[in-house]
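*Asks:* The following file, protein-v4.cif, comprises mmCIF, C-alpha atoms, pLDDT in the B column; chains and numbers go by the auth columns:
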```cif
data_protein
loop_
_atom_site.group_PDB
_atom_site.id
_atom_site.type_symbol
_atom_site.label_atom_id
_atom_site.label_comp_id
_atom_site.label_asym_id
_atom_site.label_seq_id
_atom_site.Cartn_x
_atom_site.Cartn_y
_atom_site.Cartn_z
_atom_site.B_iso_or_equiv
_atom_site.auth_seq_id
_atom_site.auth_asym_id
ATOM 1 C CA MET A 1 -35.402 18.260 24.874 48.00 9 A
ATOM 2 C CA ILE A 2 -31.845 16.925 24.552 48.00 10 A
ATOM 3 C CA ASN A 3 -29.266 19.173 22.900 48.00 11 A
ATOM 4 C CA PHE A 4 -27.242 16.855 20.675 46.00 12 A
ATOM 5 C CA GLY A 5 -25.307 19.782 19.178 51.00 13 A
ATOM 6 C CA SER A 6 -22.965 20.145 22.153 48.00 14 A
ATOM 7 C CA PHE A 7 -22.505 16.370 22.416 45.00 15 A
ATOM 8 C CA ASN A 8 -21.568 16.094 18.740 50.00 16 A
ATOM 9 C CA ASN A 9 -19.168 19.028 19.076 53.00 17 A
ATOM 10 C CA LYS A 10 -17.463 17.413 22.082 55.00 18 A
ATOM 11 C CA TRP A 11 -17.353 14.078 20.283 55.00 19 A
ATOM 12 C CA ASP A 12 -15.828 15.705 17.169 54.00 20 A
ATOM 13 C CA LYS A 13 -13.133 17.313 19.334 55.00 21 A
ATOM 14 C CA HIS A 14 -12.476 13.972 21.045 50.00 22 A
ATOM 15 C CA VAL A 15 -12.126 12.224 17.660 50.00 23 A
ATOM 16 C CA GLU A 16 -9.828 14.968 16.348 57.00 24 A
ATOM 17 C CA ARG A 17 -7.582 14.690 19.444 55.00 25 A
ATOM 18 C CA LYS A 18 -7.357 10.931 18.954 51.00 26 A
ATOM 19 C CA LYS A 19 -6.444 11.459 15.284 53.00 27 A
ATOM 20 C CA ILE A 20 -3.714 13.950 16.197 53.00 28 A
ATOM 21 C CA ASN A 21 -2.303 11.558 18.805 52.00 29 A
ATOM 22 C CA ARG A 22 -2.473 8.629 16.379 53.00 30 A
ATOM 23 C CA ASP A 23 -0.744 10.617 13.640 53.00 31 A
ATOM 24 C CA TRP A 24 1.971 11.623 16.091 47.00 32 A
ATOM 25 C CA ASP A 25 2.461 7.978 17.096 50.00 33 A
ATOM 26 C CA ILE A 26 2.783 6.886 13.487 48.00 34 A
ATOM 27 C CA LYS A 27 5.157 9.658 12.451 50.00 35 A
ATOM 28 C CA ASN A 28 7.352 9.744 15.556 49.00 36 A
ATOM 29 C CA PHE A 29 7.166 6.635 17.697 44.00 37 A
ATOM 30 C CA ARG A 30 7.430 4.075 14.933 46.00 38 A
ATOM 31 C CA ARG A 31 10.039 5.994 12.959 48.00 39 A
ATOM 32 C CA ASN A 32 12.336 6.519 15.915 46.00 40 A
ATOM 33 C CA SER A 33 12.041 3.227 17.734 49.00 41 A
ATOM 34 C CA MET A 34 11.498 0.473 15.193 62.00 42 A
ATOM 35 C CA ALA A 35 13.713 -1.308 12.706 84.00 43 A
ATOM 36 C CA PHE A 36 12.017 -3.915 10.560 96.00 44 A
ATOM 37 C CA LYS A 37 13.114 -6.831 8.431 95.00 45 A
ATOM 38 C CA LEU A 38 11.301 -9.261 6.192 97.00 46 A
ATOM 39 C CA SER A 39 10.424 -12.638 7.664 96.00 47 A
ATOM 40 C CA GLN A 40 11.496 -15.839 5.934 97.00 48 A
ATOM 41 C CA ARG A 41 7.870 -16.380 4.916 97.00 49 A
ATOM 42 C CA SER A 42 7.840 -12.968 3.183 98.00 50 A
ATOM 43 C CA LEU A 43 11.149 -13.721 1.475 98.00 51 A
ATOM 44 C CA ASP A 44 9.742 -17.066 0.282 98.00 52 A
ATOM 45 C CA ARG A 45 6.711 -15.263 -1.162 98.00 53 A
ATOM 46 C CA LEU A 46 9.053 -13.115 -3.265 98.00 54 A
ATOM 47 C CA ASP A 47 10.241 -16.235 -5.107 98.00 55 A
ATOM 48 C CA GLY A 48 9.371 -15.762 -8.784 98.00 56 A
ATOM 49 C CA VAL A 49 8.914 -11.990 -8.478 98.00 57 A
ATOM 50 C CA HIS A 50 11.000 -9.759 -10.771 98.00 58 A
ATOM 51 C CA PRO A 51 14.444 -9.247 -9.166 98.00 59 A
ATOM 52 C CA GLN A 52 14.186 -5.451 -9.336 98.00 60 A
ATOM 53 C CA LEU A 53 10.858 -5.484 -7.498 98.00 61 A
ATOM 54 C CA VAL A 54 12.333 -7.872 -4.916 98.00 62 A
ATOM 55 C CA GLU A 55 15.179 -5.393 -4.405 98.00 63 A
ATOM 56 C CA VAL A 56 12.660 -2.552 -3.962 98.00 64 A
ATOM 57 C CA VAL A 57 10.709 -4.482 -1.307 98.00 65 A
ATOM 58 C CA LYS A 58 13.912 -5.375 0.567 98.00 66 A
ATOM 59 C CA LYS A 59 15.016 -1.733 0.604 97.00 67 A
ATOM 60 C CA ALA A 60 11.546 -0.438 1.508 97.00 68 A
ATOM 61 C CA ILE A 61 11.396 -2.502 4.703 97.00 69 A
ATOM 62 C CA GLU A 62 14.538 -0.650 5.819 96.00 70 A
ATOM 63 C CA TYR A 63 12.982 2.769 5.139 96.00 71 A
ATOM 64 C CA THR A 64 9.436 2.286 6.355 95.00 72 A
ATOM 65 C CA ASP A 65 8.079 3.348 9.710 94.00 73 A
ATOM 66 C CA VAL A 66 5.368 0.684 9.392 96.00 74 A
ATOM 67 C CA ASP A 67 6.193 -3.007 9.582 97.00 75 A
ATOM 68 C CA PHE A 68 4.982 -5.063 6.627 98.00 76 A
ATOM 69 C CA GLY A 69 5.143 -8.529 5.156 98.00 77 A
ATOM 70 C CA VAL A 70 4.611 -9.951 1.691 98.00 78 A
ATOM 71 C CA ILE A 71 1.226 -11.662 1.361 96.00 79 A
ATOM 72 C CA TYR A 72 1.320 -12.223 -2.414 95.00 80 A
ATOM 73 C CA GLY A 73 4.007 -12.378 -5.040 97.00 81 A
ATOM 74 C CA VAL A 74 3.355 -14.897 -7.795 97.00 82 A
ATOM 75 C CA ARG A 75 -0.276 -15.865 -8.230 95.00 83 A
ATOM 76 C CA ASP A 76 -1.570 -18.817 -10.240 94.00 84 A
ATOM 77 C CA LEU A 77 -4.317 -18.411 -12.832 95.00 85 A
ATOM 78 C CA GLU A 78 -6.913 -20.257 -10.735 95.00 86 A
ATOM 79 C CA THR A 79 -6.388 -17.956 -7.746 94.00 87 A
ATOM 80 C CA GLN A 80 -6.499 -14.897 -10.002 94.00 88 A
ATOM 81 C CA LYS A 81 -9.774 -16.084 -11.535 95.00 89 A
ATOM 82 C CA LYS A 82 -11.341 -16.486 -8.065 95.00 90 A
ATOM 83 C CA LEU A 83 -10.205 -13.010 -7.025 92.00 91 A
ATOM 84 C CA TYR A 84 -11.494 -11.511 -10.268 93.00 92 A
ATOM 85 C CA GLU A 85 -14.873 -13.223 -9.983 94.00 93 A
ATOM 86 C CA SER A 86 -15.264 -12.065 -6.375 93.00 94 A
ATOM 87 C CA GLY A 87 -14.439 -8.450 -7.311 86.00 95 A
ATOM 88 C CA LYS A 88 -11.198 -8.402 -5.331 86.00 96 A
ATOM 89 C CA SER A 89 -9.235 -7.971 -8.551 87.00 97 A
ATOM 90 C CA GLN A 90 -10.186 -5.827 -11.537 88.00 98 A
ATOM 91 C CA THR A 91 -8.404 -7.848 -14.223 91.00 99 A
ATOM 92 C CA MET A 92 -7.460 -11.307 -15.382 93.00 100 A
ATOM 93 C CA ALA A 93 -4.230 -9.789 -16.762 93.00 101 A
ATOM 94 C CA SER A 94 -2.781 -9.352 -13.262 94.00 102 A
ATOM 95 C CA LYS A 95 0.875 -8.493 -12.852 96.00 103 A
ATOM 96 C CA HIS A 96 0.921 -11.192 -10.149 96.00 104 A
ATOM 97 C CA LEU A 97 0.787 -13.771 -12.927 96.00 105 A
ATOM 98 C CA ILE A 98 4.062 -14.835 -14.537 97.00 106 A
ATOM 99 C CA GLN A 99 4.808 -12.337 -17.326 97.00 107 A
ATOM 100 C CA GLU A 100 6.637 -12.883 -20.624 96.00 108 A
ATOM 101 C CA ASP A 101 10.038 -12.434 -18.948 97.00 109 A
ATOM 102 C CA GLY A 102 9.317 -15.331 -16.564 97.00 110 A
ATOM 103 C CA TYR A 103 8.611 -13.211 -13.461 98.00 111 A
ATOM 104 C CA ALA A 104 5.609 -11.771 -11.654 98.00 112 A
ATOM 105 C CA HIS A 105 5.673 -7.968 -11.647 98.00 113 A
ATOM 106 C CA ALA A 106 3.539 -7.307 -8.544 97.00 114 A
ATOM 107 C CA VAL A 107 3.490 -7.784 -4.789 98.00 115 A
ATOM 108 C CA ASP A 108 0.861 -7.288 -2.125 97.00 116 A
ATOM 109 C CA LEU A 109 2.192 -6.096 1.222 98.00 117 A
ATOM 110 C CA MET A 110 0.370 -6.418 4.549 98.00 118 A
ATOM 111 C CA ALA A 111 0.931 -3.696 7.139 98.00 119 A
ATOM 112 C CA TYR A 112 1.371 -4.782 10.742 97.00 120 A
ATOM 113 C CA ASP A 113 0.761 -2.948 13.985 94.00 121 A
ATOM 114 C CA GLY A 114 2.811 -5.080 16.327 91.00 122 A
ATOM 115 C CA SER A 115 1.794 -8.629 15.465 91.00 123 A
ATOM 116 C CA ASN A 116 -1.664 -7.595 14.261 96.00 124 A
ATOM 117 C CA PRO A 117 -2.504 -7.053 10.580 97.00 125 A
ATOM 118 C CA SER A 118 -3.568 -3.491 9.815 96.00 126 A
ATOM 119 C CA TRP A 119 -5.929 -2.281 7.101 95.00 127 A
ATOM 120 C CA ASP A 120 -5.495 1.375 8.099 95.00 128 A
ATOM 121 C CA ILE A 121 -4.854 3.257 4.860 94.00 129 A
ATOM 122 C CA VAL A 122 -2.449 5.595 6.685 94.00 130 A
ATOM 123 C CA ASP A 123 -0.137 2.612 7.171 96.00 131 A
ATOM 124 C CA TYR A 124 -0.251 1.898 3.438 97.00 132 A
ATOM 125 C CA ASP A 125 0.464 5.554 2.629 95.00 133 A
ATOM 126 C CA ASN A 126 3.622 5.224 4.705 96.00 134 A
ATOM 127 C CA ILE A 127 4.604 1.933 3.065 97.00 135 A
ATOM 128 C CA ALA A 128 4.001 3.520 -0.355 97.00 136 A
ATOM 129 C CA ASP A 129 6.340 6.391 0.534 96.00 137 A
ATOM 130 C CA ALA A 130 9.039 3.845 1.469 97.00 138 A
ATOM 131 C CA MET A 131 8.396 1.886 -1.756 97.00 139 A
ATOM 132 C CA ARG A 132 8.727 5.128 -3.744 96.00 140 A
ATOM 133 C CA LYS A 133 12.089 5.907 -2.145 96.00 141 A
ATOM 134 C CA ALA A 134 13.344 2.363 -2.752 97.00 142 A
ATOM 135 C CA GLY A 135 11.994 2.325 -6.326 97.00 143 A
ATOM 136 C CA LYS A 136 13.843 5.513 -7.150 96.00 144 A
ATOM 137 C CA GLU A 137 17.074 4.062 -5.759 96.00 145 A
ATOM 138 C CA VAL A 138 16.684 0.856 -7.753 97.00 146 A
ATOM 139 C CA GLY A 139 15.704 2.846 -10.844 96.00 147 A
ATOM 140 C CA VAL A 140 12.285 1.335 -11.553 97.00 148 A
ATOM 141 C CA ASP A 141 8.882 2.923 -12.015 97.00 149 A
ATOM 142 C CA LEU A 142 6.160 1.678 -9.679 98.00 150 A
ATOM 143 C CA VAL A 143 2.386 1.835 -9.722 97.00 151 A
ATOM 144 C CA TRP A 144 0.555 1.775 -6.376 97.00 152 A
ATOM 145 C CA GLY A 145 -2.867 0.164 -6.074 95.00 153 A
ATOM 146 C CA ALA A 146 -4.325 3.193 -4.309 95.00 154 A
ATOM 147 C CA ALA A 147 -3.267 5.590 -7.089 95.00 155 A
ATOM 148 C CA TRP A 148 -3.476 3.707 -10.381 94.00 156 A
ATOM 149 C CA HIS A 149 -3.474 6.840 -12.514 94.00 157 A
ATOM 150 C CA LYS A 150 0.115 8.044 -11.907 94.00 158 A
ATOM 151 C CA LEU A 151 3.505 6.508 -11.332 95.00 159 A
ATOM 152 C CA LEU A 152 4.342 6.411 -7.646 94.00 160 A
ATOM 153 C CA THR A 153 8.032 6.903 -8.347 91.00 161 A
ATOM 154 C CA MET A 154 7.604 9.853 -10.708 92.00 162 A
ATOM 155 C CA SER A 155 5.168 11.984 -8.722 89.00 163 A
ATOM 156 C CA PRO A 156 6.452 14.694 -6.372 89.00 164 A
ATOM 157 C CA ASP A 157 3.296 14.270 -4.259 89.00 165 A
ATOM 158 C CA SER A 158 3.091 12.174 -1.103 92.00 166 A
ATOM 159 C CA ALA A 159 1.415 8.787 -1.408 94.00 167 A
ATOM 160 C CA GLU A 160 -1.560 10.173 0.514 94.00 168 A
ATOM 161 C CA ASP A 161 -1.916 13.069 -1.942 95.00 169 A
ATOM 162 C CA LEU A 162 -1.631 10.684 -4.897 95.00 170 A
ATOM 163 C CA MET A 163 -4.405 8.501 -3.507 95.00 171 A
ATOM 164 C CA ASN A 164 -6.671 11.485 -2.870 95.00 172 A
ATOM 165 C CA ASP A 165 -6.002 12.758 -6.404 95.00 173 A
ATOM 166 C CA TYR A 166 -6.892 9.325 -7.806 96.00 174 A
ATOM 167 C CA ILE A 167 -10.158 9.260 -5.842 96.00 175 A
ATOM 168 C CA ASP A 168 -11.053 12.782 -7.025 96.00 176 A
ATOM 169 C CA THR A 169 -10.204 11.900 -10.631 95.00 177 A
ATOM 170 C CA ARG A 170 -12.370 8.774 -10.593 95.00 178 A
ATOM 171 C CA ARG A 171 -15.298 10.613 -9.016 96.00 179 A
ATOM 172 C CA LYS A 172 -15.104 13.358 -11.645 96.00 180 A
ATOM 173 C CA GLU A 173 -15.358 10.572 -14.232 96.00 181 A
ATOM 174 C CA ASN A 174 -18.395 9.177 -12.355 96.00 182 A
ATOM 175 C CA ARG A 175 -16.399 6.031 -11.716 95.00 183 A
ATOM 176 C CA ARG A 176 -15.838 4.276 -8.432 92.00 184 A
ATOM 177 C CA PRO A 177 -12.191 4.260 -7.287 93.00 185 A
ATOM 178 C CA PHE A 178 -10.622 0.843 -6.793 91.00 186 A
ATOM 179 C CA ILE A 179 -8.359 1.222 -3.760 93.00 187 A
ATOM 180 C CA ASP A 180 -5.886 -1.632 -3.314 93.00 188 A
ATOM 181 C CA GLY A 181 -3.467 -0.153 -0.780 94.00 189 A
ATOM 182 C CA PRO A 182 -1.361 -3.320 -0.346 96.00 190 A
ATOM 183 C CA HIS A 183 -0.636 -3.628 -4.104 96.00 191 A
ATOM 184 C CA PHE A 184 2.557 -2.456 -5.830 98.00 192 A
ATOM 185 C CA GLN A 185 3.624 -3.321 -9.363 97.00 193 A
ATOM 186 C CA LEU A 186 6.312 -2.532 -11.866 98.00 194 A
ATOM 187 C CA HIS A 187 5.250 -0.126 -14.596 96.00 195 A
ATOM 188 C CA THR A 188 5.878 -2.020 -17.827 84.00 196 A
#
```
What's the structure tokens form of this structure?

*Replies:*
Amino acid sequence: MINFGSFNNKWDKHVERKKINRDWDIKNFRRNSMAFKLSQRSLDRLDGVHPQLVEVVKKAIEYTDVDFGVIYGVRDLETQKKLYESGKSQTMASKHLIQEDGYAHAVDLMAYDGSNPSWDIVDYDNIADAMRKAGKEVGVDLVWGAAWHKLLTMSPDSAEDLMNDYIDTRRKENRRPFIDGPHFQLHT
């Protein structure tokens, strides 16, 4: 008979070591050795976005230890309808649409690991922390798509803690959390 208990224990230790090493890389290597800036394509995608949110994104790229680019700023109604119908958006009243003041109030940011897109939520936690810092400096309140229930800029908790609190809150309500890590919007 094969004893899977010792294998699983060794595998768990291996996975934990990899996680510790990965966390160290994210917190130390990137922070100390990288300086990022927005590409022209990202800057172009900020056209039509509220000037205060544009300022936040431009400051956040200077503070982050994770490279990112802008994948969405202004969204047209047809695109929003497709995203809503596919379940990738929860509303037709998206802040990506032009609002009454003539600007979109949301951006979606893509994390990059080198030149490769990253969907690792840890990267988005780090971007959210940079967006919080920049939002406070600019003086605007932000909502993060991985923690819809509280203002990112007003909470003393880390972005990771905010997201976990949001997930716990939704589960207590017997509701599925909608995690949209790349999404940031002005609180209006």

*Asks:* Pick from A:Ser50, A:Thr196, A:Asn182, A:Thr177: nearest to Ala112 in chain A, with all atoms listed in the file counted?

*Replies:*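 Of the candidates, the smallest distance to Ala112 in chain A is held by A:Thr196.
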
*Asks:* Do you know which residues the PyMOL selection byres ((chain A and resi 150) around 6) returns on this file, as a PDB file with C-alpha atoms, in the frame of the given file?

*Replies:*
```
ATOM      1  CA  ASP A 149       8.882   2.923 -12.015  1.00 97.00           C
ATOM      2  CA  VAL A 151       2.386   1.835  -9.722  1.00 97.00           C
ATOM      3  CA  LEU A 159       3.505   6.508 -11.332  1.00 95.00           C
ATOM      4  CA  LEU A 160       4.342   6.411  -7.646  1.00 94.00           C
ATOM      5  CA  THR A 161       8.032   6.903  -8.347  1.00 91.00           C
ATOM      6  CA  GLN A 193       3.624  -3.321  -9.363  1.00 97.00           C
ATOM      7  CA  LEU A 194       6.312  -2.532 -11.866  1.00 98.00           C
ATOM      8  CA  HIS A 195       5.250  -0.126 -14.596  1.00 96.00           C
TER       9      HIS A 195
END
```

*Asks:* Quick one: everything within 9 Å of range 97-102 of chain A, counting only C-alpha atoms, minus sequence neighbours fewer than 5 positions away in the same chain. Send it as a ChimeraX atom specification.

*Replies:* /A:83,85,88-92,112-114,186,188

*Asks:* Export C-alpha atoms of the chosen residues as a PDB file, in the coordinates of the input?

*Replies:*
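Saved as result-v8.pdb:
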```pdb
ATOM      1  CA  ARG A  83      -0.276 -15.865  -8.230  1.00 95.00           C
ATOM      2  CA  LEU A  85      -4.317 -18.411 -12.832  1.00 95.00           C
ATOM      3  CA  GLN A  88      -6.499 -14.897 -10.002  1.00 94.00           C
ATOM      4  CA  LYS A  89      -9.774 -16.084 -11.535  1.00 95.00           C
ATOM      5  CA  LYS A  90     -11.341 -16.486  -8.065  1.00 95.00           C
ATOM      6  CA  LEU A  91     -10.205 -13.010  -7.025  1.00 92.00           C
ATOM      7  CA  TYR A  92     -11.494 -11.511 -10.268  1.00 93.00           C
ATOM      8  CA  ALA A 112       5.609 -11.771 -11.654  1.00 98.00           C
ATOM      9  CA  HIS A 113       5.673  -7.968 -11.647  1.00 98.00           C
ATOM     10  CA  ALA A 114       3.539  -7.307  -8.544  1.00 97.00           C
ATOM     11  CA  PHE A 186     -10.622   0.843  -6.793  1.00 91.00           C
ATOM     12  CA  ASP A 188      -5.886  -1.632  -3.314  1.00 93.00           C
TER      13      ASP A 188
END
```

*Asks:* Nearest residue to Ala43 in chain A out of A:Val64, A:Met118, A:Val130, A:Val74, using only C-alpha atoms?

*Replies:*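 Looking at the shortest contact to Ala43 in chain A, the residue is A:Val74.
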
*Asks:* Choose the residue, out of A:Arg140, A:Lys96, A:Lys103, A:Lys67, that has the smallest atom-to-atom separation from Ala167 in chain A; count all atoms listed in the file.

*Replies:*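 Among the listed residues, A:Arg140 lies closest to Ala167 in chain A.
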
*Asks:* Report, in Å with one decimal, the straight-line distance from CA of Ala68 in chain A to CA of Gly95 in chain A.

*Replies:*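 These atoms are spaced 28.6 Å apart.
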
*Asks:* Which residues, written as a PDB file with C-alpha atoms, in the coordinates of the input, have at least one atom at most 12 Å from Ala142 in chain A, with all atoms listed in the file counted and residues fewer than 4 positions away on the same chain left out?

*Replies:*
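Okay, this is what ended up in result_4.pdb:
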```
ATOM      1  CA  GLN A  60      14.186  -5.451  -9.336  1.00 98.00           C
ATOM      2  CA  LEU A  61      10.858  -5.484  -7.498  1.00 98.00           C
ATOM      3  CA  VAL A  62      12.333  -7.872  -4.916  1.00 98.00           C
ATOM      4  CA  GLU A  63      15.179  -5.393  -4.405  1.00 98.00           C
ATOM      5  CA  VAL A  64      12.660  -2.552  -3.962  1.00 98.00           C
ATOM      6  CA  VAL A  65      10.709  -4.482  -1.307  1.00 98.00           C
ATOM      7  CA  LYS A  66      13.912  -5.375   0.567  1.00 98.00           C
ATOM      8  CA  LYS A  67      15.016  -1.733   0.604  1.00 97.00           C
ATOM      9  CA  ALA A  68      11.546  -0.438   1.508  1.00 97.00           C
ATOM     10  CA  ILE A  69      11.396  -2.502   4.703  1.00 97.00           C
ATOM     11  CA  GLU A  70      14.538  -0.650   5.819  1.00 96.00           C
ATOM     12  CA  TYR A  71      12.982   2.769   5.139  1.00 96.00           C
ATOM     13  CA  THR A  72       9.436   2.286   6.355  1.00 95.00           C
ATOM     14  CA  ILE A 135       4.604   1.933   3.065  1.00 97.00           C
ATOM     15  CA  ALA A 136       4.001   3.520  -0.355  1.00 97.00           C
ATOM     16  CA  ASP A 137       6.340   6.391   0.534  1.00 96.00           C
ATOM     17  CA  ALA A 138       9.039   3.845   1.469  1.00 97.00           C
ATOM     18  CA  VAL A 146      16.684   0.856  -7.753  1.00 97.00           C
ATOM     19  CA  GLY A 147      15.704   2.846 -10.844  1.00 96.00           C
ATOM     20  CA  VAL A 148      12.285   1.335 -11.553  1.00 97.00           C
ATOM     21  CA  ASP A 149       8.882   2.923 -12.015  1.00 97.00           C
ATOM     22  CA  LEU A 150       6.160   1.678  -9.679  1.00 98.00           C
ATOM     23  CA  LEU A 160       4.342   6.411  -7.646  1.00 94.00           C
ATOM     24  CA  THR A 161       8.032   6.903  -8.347  1.00 91.00           C
TER      25      THR A 161
END
```
